[in-house]
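To be precise, the following lines are protein-v2.txt, and they hold compact mmCIF, C-alpha atoms and all ligand atoms.
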```
# COMPACT_ATOMS: atom_id res chain seq x y z
CA MET A 40 0.00 0.00 0.00
CA ARG A 41 2.62 2.48 1.26
CA PRO A 42 5.94 1.42 2.85
CA HIS A 43 4.80 2.49 6.34
CA ILE A 44 1.14 1.44 5.98
CA SER A 45 -0.05 -2.17 5.89
CA ALA A 46 -3.07 -4.38 6.53
CA GLU A 47 -2.49 -6.76 9.42
CA ASP A 48 -5.29 -9.33 9.70
CA GLY A 49 -7.36 -6.90 7.68
CA ARG A 50 -6.74 -3.98 10.10
CA LEU A 51 -4.98 -0.96 8.68
CA THR A 52 -1.82 -0.04 10.59
CA MET A 53 0.58 2.84 10.23
CA GLY A 54 3.93 2.93 12.01
CA GLY A 55 2.87 -0.31 13.70
CA VAL A 56 -0.28 1.26 15.20
CA ASP A 57 -3.85 0.04 14.55
CA LEU A 58 -5.68 2.98 12.99
CA VAL A 59 -9.18 1.79 13.96
CA ALA A 60 -8.04 1.63 17.60
CA LEU A 61 -6.85 5.24 17.29
CA ALA A 62 -10.21 6.27 15.83
CA ASP A 63 -11.96 4.52 18.76
CA GLU A 64 -9.74 6.17 21.35
CA PHE A 65 -9.54 9.71 19.98
CA GLY A 66 -12.75 9.93 17.93
CA THR A 67 -13.16 10.99 14.32
CA PRO A 68 -12.39 12.85 12.16
CA LEU A 69 -8.77 12.36 13.15
CA TYR A 70 -5.43 13.15 11.53
CA VAL A 71 -2.61 10.69 12.15
CA MET A 72 1.04 11.43 11.25
CA ASP A 73 3.91 8.93 11.15
CA GLU A 74 7.10 10.32 12.71
CA ASP A 75 9.45 7.73 11.25
CA ARG A 76 8.10 8.26 7.75
CA ILE A 77 8.66 12.04 8.01
CA ARG A 78 12.27 11.44 9.06
CA GLN A 79 12.78 8.91 6.27
CA ARG A 80 11.42 11.21 3.58
CA TYR A 81 13.45 14.17 4.86
CA ARG A 82 16.64 12.10 4.78
CA GLU A 83 15.85 10.70 1.35
CA PHE A 84 15.47 14.21 -0.03
CA ARG A 85 18.54 15.63 1.72
CA ASP A 86 20.79 12.68 0.87
CA ALA A 87 19.79 12.70 -2.81
CA PHE A 88 21.02 16.27 -3.15
CA GLN A 89 23.89 16.14 -0.69
CA SER A 90 25.48 13.19 -2.48
CA LEU A 91 25.72 15.27 -5.67
CA TYR A 92 26.05 18.75 -4.21
CA PRO A 93 27.32 18.86 -0.62
CA ARG A 94 26.52 22.53 0.01
CA VAL A 95 22.78 21.97 0.31
CA ARG A 96 20.21 23.30 2.77
CA ILE A 97 16.72 21.85 3.01
CA CYS A 98 14.22 24.51 4.06
CA TYR A 99 11.06 22.54 4.81
CA ALA A 100 8.05 24.39 3.36
CA CYS A 101 6.09 24.45 6.54
CA LYS A 102 2.89 25.70 4.91
CA ALA A 103 2.32 22.00 4.07
CA ASN A 104 1.96 21.13 7.76
CA THR A 105 2.83 23.40 10.67
CA SER A 106 1.94 21.03 13.49
CA LEU A 107 4.44 21.85 16.19
CA ALA A 108 5.44 18.22 16.69
CA VAL A 109 6.19 17.94 12.96
CA LEU A 110 8.32 21.09 13.10
CA HIS A 111 10.20 19.66 16.07
CA ILE A 112 10.90 16.42 14.17
CA LEU A 113 12.31 18.39 11.25
CA ARG A 114 14.34 20.65 13.52
CA GLN A 115 15.88 17.52 15.06
CA GLU A 116 16.73 16.36 11.54
CA GLY A 117 18.55 19.65 10.91
CA ALA A 118 16.01 21.16 8.51
CA GLY A 119 15.63 24.87 7.92
CA ALA A 120 12.26 26.34 7.00
CA ASP A 121 10.52 28.17 4.20
CA ILE A 122 7.87 30.39 5.76
CA LEU A 123 5.34 32.90 4.44
CA SER A 124 3.70 34.66 7.36
CA GLU A 125 4.36 36.06 10.80
CA GLY A 126 2.39 33.11 12.19
CA GLU A 127 4.75 30.63 10.54
CA LEU A 128 7.69 32.69 11.80
CA PHE A 129 6.26 32.38 15.32
CA LEU A 130 5.83 28.61 14.95
CA VAL A 131 9.29 27.83 13.54
CA ASN A 132 10.78 29.99 16.26
CA GLU A 133 8.73 28.06 18.83
CA ALA A 134 10.11 24.80 17.37
CA GLY A 135 13.66 26.13 17.66
CA ILE A 136 14.55 26.19 13.97
CA PRO A 137 17.52 28.59 13.77
CA PRO A 138 16.76 31.90 11.98
CA GLU A 139 19.83 31.59 9.76
CA SER A 140 18.13 28.53 8.17
CA VAL A 141 14.82 30.28 7.62
CA ILE A 142 13.72 32.02 4.43
CA PHE A 143 10.63 34.23 4.50
CA THR A 144 8.93 34.03 1.11
CA GLY A 145 5.29 34.97 0.66
CA ASN A 146 3.70 37.62 -1.47
CA ASN A 147 2.11 40.90 -0.40
CA LYS A 148 4.14 41.04 2.81
CA THR A 149 2.92 43.73 5.15
CA ASP A 150 5.30 46.22 6.79
CA ARG A 151 4.65 44.43 10.04
CA GLU A 152 5.74 41.11 8.50
CA LEU A 153 8.86 42.72 7.05
CA GLU A 154 9.70 44.17 10.46
CA ALA A 155 9.12 40.86 12.23
CA ALA A 156 11.34 39.03 9.71
CA LEU A 157 14.02 41.68 10.12
CA ASP A 158 13.90 41.46 13.91
CA ALA A 159 14.06 37.66 13.77
CA GLY A 160 17.14 37.74 11.52
CA VAL A 161 15.72 35.47 8.82
CA THR A 162 16.44 35.85 5.10
CA ILE A 163 13.74 37.92 3.42
CA ASN A 164 12.81 36.71 -0.03
CA LEU A 165 11.40 39.75 -1.82
CA ASP A 166 8.43 39.23 -4.10
CA ALA A 167 8.32 42.66 -5.70
CA VAL A 168 10.47 45.77 -6.20
CA HIS A 169 7.91 47.67 -4.17
CA GLU A 170 8.53 45.25 -1.29
CA MET A 171 12.26 45.99 -1.55
CA GLU A 172 11.63 49.75 -1.39
CA ARG A 173 9.52 49.35 1.72
CA LEU A 174 12.05 47.06 3.39
CA GLU A 175 14.83 49.52 2.56
CA GLY A 176 12.87 52.28 4.29
CA ILE A 177 12.30 50.09 7.36
CA CYS A 178 16.00 49.17 7.54
CA ARG A 179 17.03 52.81 7.19
CA ALA A 180 14.64 53.93 9.93
CA ARG A 181 15.90 51.24 12.28
CA GLY A 182 19.56 51.29 11.32
CA MET A 183 19.41 47.56 10.56
CA THR A 184 20.51 45.34 7.68
CA ALA A 185 18.31 42.68 6.08
CA ARG A 186 19.65 39.61 4.29
CA VAL A 187 17.62 39.44 1.08
CA SER A 188 16.95 37.56 -2.11
CA PHE A 189 14.39 38.02 -4.88
CA ARG A 190 11.84 35.48 -5.98
CA VAL A 191 12.08 35.33 -9.75
CA ASN A 192 9.24 34.20 -11.98
CA PRO A 193 10.98 31.98 -14.55
CA ALA A 194 7.86 31.80 -16.78
CA VAL A 195 7.79 28.01 -16.92
CA ASP A 196 4.74 25.76 -17.02
CA PRO A 197 5.20 23.08 -14.36
CA GLY A 198 2.47 20.90 -15.91
CA THR A 199 0.40 20.68 -12.73
CA HIS A 200 -3.07 21.84 -11.61
CA PRO A 201 -3.61 25.55 -12.51
CA HIS A 202 -4.09 26.40 -8.81
CA LEU A 203 -0.70 24.80 -8.11
CA SER A 204 1.23 26.58 -10.88
CA THR A 205 3.14 29.53 -9.47
CA GLY A 206 5.78 30.30 -12.08
CA LEU A 207 3.68 30.99 -15.18
CA ARG A 208 4.32 34.31 -16.90
CA GLU A 209 0.94 35.66 -15.69
CA SER A 210 1.36 34.36 -12.15
CA LYS A 211 1.18 36.80 -9.23
CA PHE A 212 4.42 35.50 -7.72
CA GLY A 213 7.93 36.89 -8.02
CA ILE A 214 9.53 39.44 -10.32
CA PRO A 215 9.73 38.89 -14.09
CA GLU A 216 13.13 38.04 -15.58
CA GLU A 217 13.20 41.42 -17.34
CA GLU A 218 13.21 43.22 -13.96
CA VAL A 219 15.93 41.13 -12.33
CA LEU A 220 18.97 43.21 -13.29
CA GLU A 221 17.47 46.51 -12.19
CA ALA A 222 16.06 45.02 -8.97
CA TYR A 223 19.44 43.61 -7.95
CA ARG A 224 21.24 46.79 -9.00
CA ARG A 225 19.05 48.80 -6.64
CA ALA A 226 19.22 46.24 -3.83
CA ALA A 227 23.03 46.04 -4.06
CA ALA A 228 23.26 49.84 -3.85
CA ALA A 229 20.84 50.10 -0.91
CA ASP A 230 22.36 50.72 2.51
CA GLY A 231 20.36 48.34 4.66
CA LEU A 232 20.13 45.41 2.25
CA GLU A 233 22.63 42.58 2.00
CA VAL A 234 21.99 40.77 -1.28
CA ALA A 235 22.44 37.05 -0.58
CA GLY A 236 20.49 34.91 -3.01
CA ILE A 237 17.97 34.24 -5.73
CA HIS A 238 14.83 32.11 -5.55
CA MET A 239 12.23 30.40 -7.69
CA HIS A 240 9.27 28.14 -6.95
CA ILE A 241 7.43 27.02 -10.04
CA GLY A 242 4.57 25.06 -8.52
CA SER A 243 3.46 22.08 -6.54
CA GLN A 244 2.75 18.38 -7.19
CA ILE A 245 5.21 18.39 -10.10
CA THR A 246 5.77 14.96 -11.65
CA SER A 247 8.49 15.59 -14.23
CA THR A 248 12.01 16.97 -14.00
CA SER A 249 11.84 18.95 -17.25
CA PRO A 250 10.14 22.12 -15.91
CA TYR A 251 12.74 22.23 -13.14
CA GLU A 252 15.55 21.84 -15.69
CA GLU A 253 14.21 24.68 -17.81
CA ALA A 254 13.62 26.98 -14.85
CA CYS A 255 16.93 26.12 -13.17
CA SER A 256 18.82 26.83 -16.36
CA ARG A 257 17.17 30.26 -16.64
CA LEU A 258 17.78 31.02 -13.00
CA MET A 259 21.47 30.13 -13.33
CA ASP A 260 21.75 32.39 -16.38
CA LEU A 261 20.43 35.19 -14.20
CA VAL A 262 22.99 34.32 -11.53
CA GLY A 263 25.69 34.58 -14.22
CA MET A 264 24.29 37.85 -15.51
CA LEU A 265 24.35 39.37 -12.01
CA LYS A 266 28.04 38.50 -11.74
CA GLN A 267 28.87 39.85 -15.19
CA GLU A 268 26.80 43.03 -15.06
CA LEU A 269 26.90 43.96 -11.37
CA ASP A 270 29.79 41.94 -10.00
CA VAL A 271 27.31 40.49 -7.50
CA GLU A 272 28.12 36.91 -6.53
CA LEU A 273 25.25 35.21 -4.70
CA GLU A 274 25.64 33.10 -1.57
CA PHE A 275 22.66 30.89 -2.33
CA VAL A 276 20.41 29.71 -5.12
CA ASP A 277 16.98 28.45 -4.07
CA LEU A 278 15.08 26.11 -6.39
CA GLY A 279 11.92 26.08 -4.23
CA GLY A 280 9.77 23.02 -3.61
CA GLY A 281 7.08 21.25 -5.57
CA VAL A 282 8.19 17.62 -5.90
CA GLY A 283 4.99 15.62 -6.27
CA ILE A 284 3.94 12.43 -4.55
CA ARG A 285 2.01 9.46 -5.85
CA TYR A 286 -1.61 9.90 -4.80
CA ARG A 287 -2.58 7.17 -7.29
CA GLU A 288 -0.68 4.00 -7.99
CA ASP A 289 -0.62 4.72 -11.73
CA GLU A 290 0.44 8.36 -11.41
CA PRO A 291 3.80 9.50 -12.80
CA TYR A 292 6.25 10.76 -10.20
CA ILE A 293 9.83 11.87 -9.75
CA THR A 294 12.23 10.96 -6.98
CA PRO A 295 14.53 13.47 -5.29
CA GLY A 296 17.40 11.46 -6.78
CA GLN A 297 16.06 12.04 -10.30
CA LEU A 298 15.56 15.73 -9.60
CA ALA A 299 19.04 16.14 -8.16
CA GLY A 300 20.47 14.17 -11.09
CA ALA A 301 18.69 16.50 -13.50
CA VAL A 302 19.43 19.92 -11.99
CA VAL A 303 22.84 19.57 -10.33
CA PRO A 304 24.71 19.10 -13.65
CA ILE A 305 22.93 22.19 -15.01
CA ILE A 306 24.03 24.19 -11.97
CA ARG A 307 27.63 22.97 -12.28
CA ASP A 308 27.77 23.69 -16.02
CA LYS A 309 26.48 27.21 -15.50
CA LEU A 310 28.89 27.85 -12.63
CA SER A 311 31.82 26.93 -14.82
CA GLU A 312 30.39 28.81 -17.83
CA TYR A 313 30.20 32.02 -15.78
CA GLY A 314 33.29 31.36 -13.64
CA LEU A 315 31.36 31.39 -10.35
CA GLU A 316 32.08 29.97 -6.90
CA GLU A 317 29.68 27.27 -5.67
CA PRO A 318 26.70 28.93 -3.96
CA GLU A 319 24.76 27.11 -1.29
CA LEU A 320 21.80 25.28 -2.84
CA TYR A 321 18.46 25.70 -1.04
CA LEU A 322 15.45 23.44 -1.64
CA GLU A 323 11.99 23.82 -0.14
CA PRO A 324 10.12 20.51 -0.20
CA GLY A 325 6.83 20.41 1.69
CA ARG A 326 4.48 17.79 0.30
CA PHE A 327 7.28 15.30 -0.39
CA ILE A 328 8.31 15.29 3.28
CA VAL A 329 4.93 15.08 5.01
CA GLY A 330 2.37 14.13 2.34
CA ASP A 331 2.26 10.37 2.56
CA ALA A 332 3.18 10.42 6.27
CA GLY A 333 -0.39 11.42 7.16
CA VAL A 334 -3.84 9.86 6.98
CA MET A 335 -7.23 11.33 7.76
CA LEU A 336 -9.65 8.96 9.51
CA THR A 337 -13.39 9.47 9.26
CA ARG A 338 -16.32 7.32 10.36
CA VAL A 339 -19.25 6.33 8.16
CA SER A 340 -22.54 7.73 9.41
CA THR A 341 -25.28 7.55 6.76
CA ILE A 342 -25.53 5.37 3.69
CA LYS A 343 -27.87 6.50 0.96
CA ALA A 344 -28.60 4.56 -2.22
CA THR A 345 -30.55 6.55 -4.81
CA PRO A 346 -31.52 5.21 -8.24
CA TYR A 347 -28.57 7.18 -9.62
CA LYS A 348 -25.76 6.99 -7.07
CA LYS A 349 -24.79 5.40 -3.82
CA PHE A 350 -23.44 7.81 -1.21
CA ILE A 351 -21.34 6.79 1.74
CA GLY A 352 -21.78 9.63 4.22
CA THR A 353 -18.96 10.42 6.66
CA ASP A 354 -18.32 12.64 9.66
CA ALA A 355 -15.69 14.64 7.72
CA GLY A 356 -16.13 17.13 4.90
CA PHE A 357 -14.12 19.74 3.09
CA HIS A 358 -13.78 21.61 6.38
CA VAL A 359 -11.54 18.69 7.42
CA LEU A 360 -9.89 17.77 4.09
CA ALA A 361 -10.18 20.60 1.58
CA ARG A 362 -7.98 19.26 -1.22
CA PRO A 363 -10.65 17.32 -3.15
CA LEU A 364 -12.81 20.44 -3.37
CA ILE A 365 -10.03 22.97 -4.05
CA TYR A 366 -7.91 21.00 -6.49
CA GLY A 367 -10.15 18.09 -7.49
CA SER A 368 -7.58 15.94 -5.70
CA TYR A 369 -7.64 12.20 -5.42
CA HIS A 370 -6.97 10.48 -2.09
CA GLU A 371 -6.92 6.72 -1.92
CA VAL A 372 -9.59 5.52 0.53
CA VAL A 373 -9.22 2.32 2.57
CA VAL A 374 -11.80 0.71 4.85
CA ALA A 375 -9.57 0.56 7.89
CA SER A 376 -11.22 -2.44 9.57
CA ARG A 377 -11.34 -4.59 6.37
CA ALA A 378 -8.33 -3.26 4.55
CA ASP A 379 -7.82 -6.42 2.50
CA ALA A 380 -11.47 -6.88 1.44
CA PRO A 381 -12.03 -6.92 -2.34
CA PRO A 382 -14.01 -4.10 -3.99
CA GLU A 383 -17.72 -4.84 -4.49
CA GLU A 384 -19.38 -1.63 -5.57
CA VAL A 385 -18.89 1.89 -6.85
CA VAL A 386 -19.80 4.76 -4.54
CA ASP A 387 -19.29 8.44 -3.85
CA ILE A 388 -17.91 9.26 -0.42
CA ALA A 389 -19.77 12.33 0.71
CA GLY A 390 -18.78 14.88 3.31
CA ASN A 391 -21.13 16.35 5.92
CA VAL A 392 -20.82 19.99 4.83
CA CYS A 393 -23.94 21.61 3.47
CA GLU A 394 -22.48 22.25 0.00
CA SER A 395 -23.02 20.12 -3.10
CA GLY A 396 -19.29 20.26 -3.91
CA ASP A 397 -18.48 18.42 -0.69
CA ILE A 398 -17.71 15.01 -2.20
CA LEU A 399 -14.47 13.64 -0.77
CA ALA A 400 -14.09 10.83 -3.32
CA ARG A 401 -16.06 10.16 -6.49
CA ASP A 402 -16.92 6.89 -8.22
CA ARG A 403 -14.73 4.72 -6.03
CA ARG A 404 -14.67 0.94 -6.17
CA VAL A 405 -14.87 -0.10 -2.53
CA PRO A 406 -15.69 -3.18 -0.43
CA ALA A 407 -19.17 -3.28 1.11
CA ILE A 408 -19.17 -0.41 3.61
CA ARG A 409 -21.25 -0.45 6.77
CA PRO A 410 -22.30 2.37 9.11
CA GLY A 411 -19.63 2.83 11.78
CA ASP A 412 -16.77 1.75 9.51
CA VAL A 413 -13.64 3.85 9.70
CA LEU A 414 -12.34 5.10 6.36
CA ALA A 415 -8.71 6.13 5.95
CA PHE A 416 -7.91 8.85 3.43
CA LEU A 417 -4.28 8.24 2.57
CA ASP A 418 -1.63 10.86 1.75
CA ALA A 419 -3.33 13.56 3.80
CA GLY A 420 -0.23 14.78 5.66
CA ALA A 421 0.38 17.80 3.42
CA TYR A 422 -2.18 20.59 3.04
CA GLY A 423 -4.57 18.50 5.15
CA PHE A 424 -5.16 19.62 8.73
CA ILE A 425 -3.59 22.96 7.98
CA MET A 426 -6.45 23.80 5.61
CA ALA A 427 -9.13 22.63 8.06
CA SER A 428 -11.72 25.17 9.18
CA GLN A 429 -14.70 25.44 11.49
CA TYR A 430 -17.13 25.84 8.58
CA ASN A 431 -20.62 24.61 9.48
CA SER A 432 -19.59 25.23 13.11
CA ARG A 433 -17.75 21.96 13.47
CA PRO A 434 -14.70 22.14 15.74
CA ARG A 435 -11.42 21.10 14.12
CA PRO A 436 -10.18 17.50 14.53
CA ALA A 437 -7.46 16.09 16.77
CA GLU A 438 -4.04 14.92 15.58
CA VAL A 439 -2.01 11.92 16.70
CA LEU A 440 1.64 11.08 15.99
CA VAL A 441 2.64 7.41 15.69
CA HIS A 442 6.18 6.24 16.26
CA ALA A 443 7.67 2.75 16.53
CA GLY A 444 4.41 1.06 17.55
CA GLY A 445 3.41 3.81 20.03
CA TYR A 446 1.49 7.05 19.69
CA ASP A 447 0.99 10.51 21.19
CA LEU A 448 -1.80 13.02 20.92
CA ILE A 449 -0.17 16.10 19.34
CA ARG A 450 -3.23 18.29 18.94
CA GLU A 451 -6.38 18.17 21.00
CA ARG A 452 -9.74 18.08 19.30
CA GLU A 453 -11.41 21.46 19.43
CA GLY A 454 -14.60 21.80 21.45
CA PHE A 455 -17.64 24.03 21.22
CA GLU A 456 -15.83 26.57 23.41
CA ASP A 457 -13.48 27.04 20.43
CA LEU A 458 -16.48 28.16 18.38
CA LEU A 459 -16.98 30.94 20.93
CA ARG A 460 -13.32 31.90 21.26
CA HIS A 461 -12.59 35.55 20.35
CA GLN A 462 -16.26 36.36 19.81
CA ARG A 463 -17.88 39.30 21.59
CA VAL A 464 -21.58 40.00 21.90
CA PRO A 465 -22.44 43.69 22.51
CA GLU A 466 -24.32 44.07 25.80
CA ARG A 467 -27.43 45.52 24.10
CA LEU A 468 -27.92 42.27 22.19
CA ARG A 469 -28.08 40.26 25.40
CA GLU A 470 -31.18 42.14 26.50
CA VAL A 471 -34.31 39.96 26.34
CA ARG A 472 -37.09 41.75 24.46
C1 LIG A 501 7.63 29.33 -2.05
C2 LIG A 501 7.23 27.92 -1.85
N1 LIG A 501 8.18 27.01 -1.55
C3 LIG A 501 7.86 25.71 -1.34
C4 LIG A 501 6.54 25.27 -1.42
C5 LIG A 501 6.27 23.82 -1.17
O1 LIG A 501 5.71 23.16 -2.21
P1 LIG A 501 5.49 21.59 -2.11
O2 LIG A 501 4.70 21.32 -0.89
O3 LIG A 501 4.77 21.25 -3.35
O4 LIG A 501 6.87 20.97 -2.05
C6 LIG A 501 5.53 26.17 -1.75
C7 LIG A 501 4.14 25.71 -1.89
O5 LIG A 501 3.27 26.35 -2.33
C8 LIG A 501 5.88 27.53 -1.96
O6 LIG A 501 4.95 28.44 -2.24
```
I need this file expressed as structure tokens, please.
Amino acid sequence: MRPHISAEDGRLTMGGVDLVALADEFGTPLYVMDEDRIRQRYREFRDAFQSLYPRVRICYACKANTSLAVLHILRQEGAGADILSEGELFLVNEAGIPPESVIFTGNNKTDRELEAALDAGVTINLDAVHEMERLEGICRARGMTARVSFRVNPAVDPGTHPHLSTGLRESKFGIPEEEVLEAYRRAAAADGLEVAGIHMHIGSQITSTSPYEEACSRLMDLVGMLKQELDVELEFVDLGGGVGIRYREDEPYITPGQLAGAVVPIIRDKLSEYGLEEPELYLEPGRFIVGDAGVMLTRVSTIKATPYKKFIGTDAGFHVLARPLIYGSYHEVVVASRADAPPEEVVDIAGNVCESGDILARDRRVPAIRPGDVLAFLDAGAYGFIMASQYNSRPRPAEVLVHAGGYDLIREREGFEDLLRHQRVPERLREVR
């Protein structure tokens, strides 16, 4: 099924822990993460690059999953972080990830975010010339220096879902290639800015190395141009994240080894072509590290067979797992108590949100499903819990971490008091009329 997930006597286990037993103990919906799998995937990614290019830094894209326990695991592994908000800055700081390994990307940064990043001493990855001008003003006013890079839009189609493509010419992210020279000229001349690197991130769930090759080649030409035209030699080159995972058995995919094998020779060729020293190479994987390390468990409540469709109704919806609605994503679904049962029928697995788009899985061949069964949505570790909301006034689920046959609760289930949190009712509205 997956290397860390198996069916033992028909019961689905992850990291040696029975998932139905977890659903019984902690209730559903429930997110479960596998610590050992996260470590394994991190090491696989790091080692693939380090073996070909030793000066590599893996900045985990924590937008994929900011659970504090997950951040602590990756800090123990030596990961840096790619962050995009003051909240993520707060969390990586809380997890003890050192600021010198943190890069603050994100578009439309507010002055407050720029100030917080400056105070924290993280690298600020500028998304626009206007952002640079504002940061320069902040640095001048405070007499401080910011370590900066620019996110460049390499105008490459990553061949993924349109909502996951971030480096198309029309995309809102980064500065166009045509602006790069002038942007770096101004940044290099600015008092409070220390120009350190260059960045790209072309998209997410990418399943071929060719868009990376094309974008990396363009980025390295820009690195060469900056040396030739401005005599600016960069300390780091950041290729972003985006390596896809296999949500379906028959889906194409790339390994970190294939990606490293494709881009490192391009980087080396360009370095020698332009006579440059080796910069540090940054990578920002998110999904690859945590995606298949997580499952979402939900319990079957109502079964409805109409003349047209059979619906298996669950106690989760897009407020728990948003990806199917947002991206039309596919998650493999396993009946956790009869994981080895053969498929018998075709059904839609419906969420409990009052929206017609809330179908978690369409036209799936599944074994006979009974009310009370626990369903496991695989590969839910990235962009899963982190996108959960309280829509329909349902408190957010709990999260458990499994490790070597044991488990820990890492996030409590919200209660109804969380629906009230931060709300105020003006006194006049309390009056009974
Ligand atoms: C700047 C940046 N880096 C890295 C990532 C991580 O992408 P993925 O989870 O696909 O590896 C993202 C995701 O959107 C991103 O915006």
Close residues to ligand LIG 501 (chain A) using only C-alpha atoms and all ligand atoms, limit 10 Å, as a ChimeraX atom specification
/A:98-104,120-123,142-146,164,190,202-205,212-213,238-245,277-284,322-330,421-422
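You will find CA of Pro291 in chain A at 20.0 Å from CA of Phe416 in chain A.
Put simply, CA of Ala437 in chain A is 26.9 Å away from CA of Gly117 in chain A.
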If you count only C-alpha atoms, which residues fall within 9 Å of Ala407 in chain A, apart from same-chain ones fewer than 2 positions away, as a PDB file with C-alpha atoms, in the coordinates of the input?
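Final output, around-v1.pdb:
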```pdb
ATOM      1  CA  ALA A 380     -11.470  -6.880   1.440  1.00  0.00           C
ATOM      2  CA  PRO A 381     -12.030  -6.920  -2.340  1.00  0.00           C
ATOM      3  CA  PRO A 382     -14.010  -4.100  -3.990  1.00  0.00           C
ATOM      4  CA  GLU A 383     -17.720  -4.840  -4.490  1.00  0.00           C
ATOM      5  CA  GLU A 384     -19.380  -1.630  -5.570  1.00  0.00           C
ATOM      6  CA  VAL A 405     -14.870  -0.100  -2.530  1.00  0.00           C
ATOM      7  CA  ARG A 409     -21.250  -0.450   6.770  1.00  0.00           C
TER       8      ARG A 409
END
```
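Put simply, CA of Pro346 in chain A is 27.6 Å away from CA of Ala375 in chain A.
Restricting the calculation to all atoms listed in the file, the smallest distance between Ile365 in chain A and any of A:Gly333, A:Gly445, A:Gly314, A:Gly423 is found for A:Gly423.
All residues of protein, DNA or RNA that reach within 9 Å of range 149-157 of chain A, judged by all atoms listed in the file and not counting those fewer than 5 positions away in the chain, are Ser124, Glu125, Leu128, Phe143, Thr162, Ile163, Glu170, Arg173, Leu174, Ile177, Cys178, Met183, Thr184, Ala185 and Arg186 of chain A.
Once Phe455 in chain A and its same-chain neighbours fewer than 6 positions away are set aside, Ser432, Arg433 and Pro434 of chain A remain within 9 Å of it when counting only C-alpha atoms.
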Using all atoms listed in the file, which of A:Asn132, A:Ser249, A:Gln462, A:Ser376 sits nearest His111 in chain A?
A:Asn132
What's around Phe424 in chain A at 8 Å? Count only C-alpha atoms, leave out sequence neighbours fewer than 5 positions away in its own chain, and write the answer as a count of residues only.
5
Shell of 9 Å around Val271 in chain A, all atoms listed in the file, local chain residues under 5 positions omitted, as a count of residues only
8
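Those DNA, RNA and protein residues that approach the point (18.0, 16.3, 3.3) to within 9 Å, considering only C-alpha atoms, are Arg80, Tyr81, Arg82, Glu83, Phe84, Arg85, Asp86, Ala87, Phe88, Gln89, Val95, Arg96, Ile97, Glu116, Gly117 and Ala118 of chain A.
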Could you save those same residues with C-alpha atoms as a compact mmCIF listing (two decimals), in the frame of the given file?
```txt
# COMPACT_ATOMS: atom_id res chain seq x y z
CA ARG A 80 11.42 11.21 3.58
CA TYR A 81 13.45 14.17 4.86
CA ARG A 82 16.64 12.10 4.78
CA GLU A 83 15.85 10.70 1.35
CA PHE A 84 15.47 14.21 -0.03
CA ARG A 85 18.54 15.63 1.72
CA ASP A 86 20.79 12.68 0.87
CA ALA A 87 19.79 12.70 -2.81
CA PHE A 88 21.02 16.27 -3.15
CA GLN A 89 23.89 16.14 -0.69
CA VAL A 95 22.78 21.97 0.31
CA ARG A 96 20.21 23.30 2.77
CA ILE A 97 16.72 21.85 3.01
CA GLU A 116 16.73 16.36 11.54
CA GLY A 117 18.55 19.65 10.91
CA ALA A 118 16.01 21.16 8.51
```
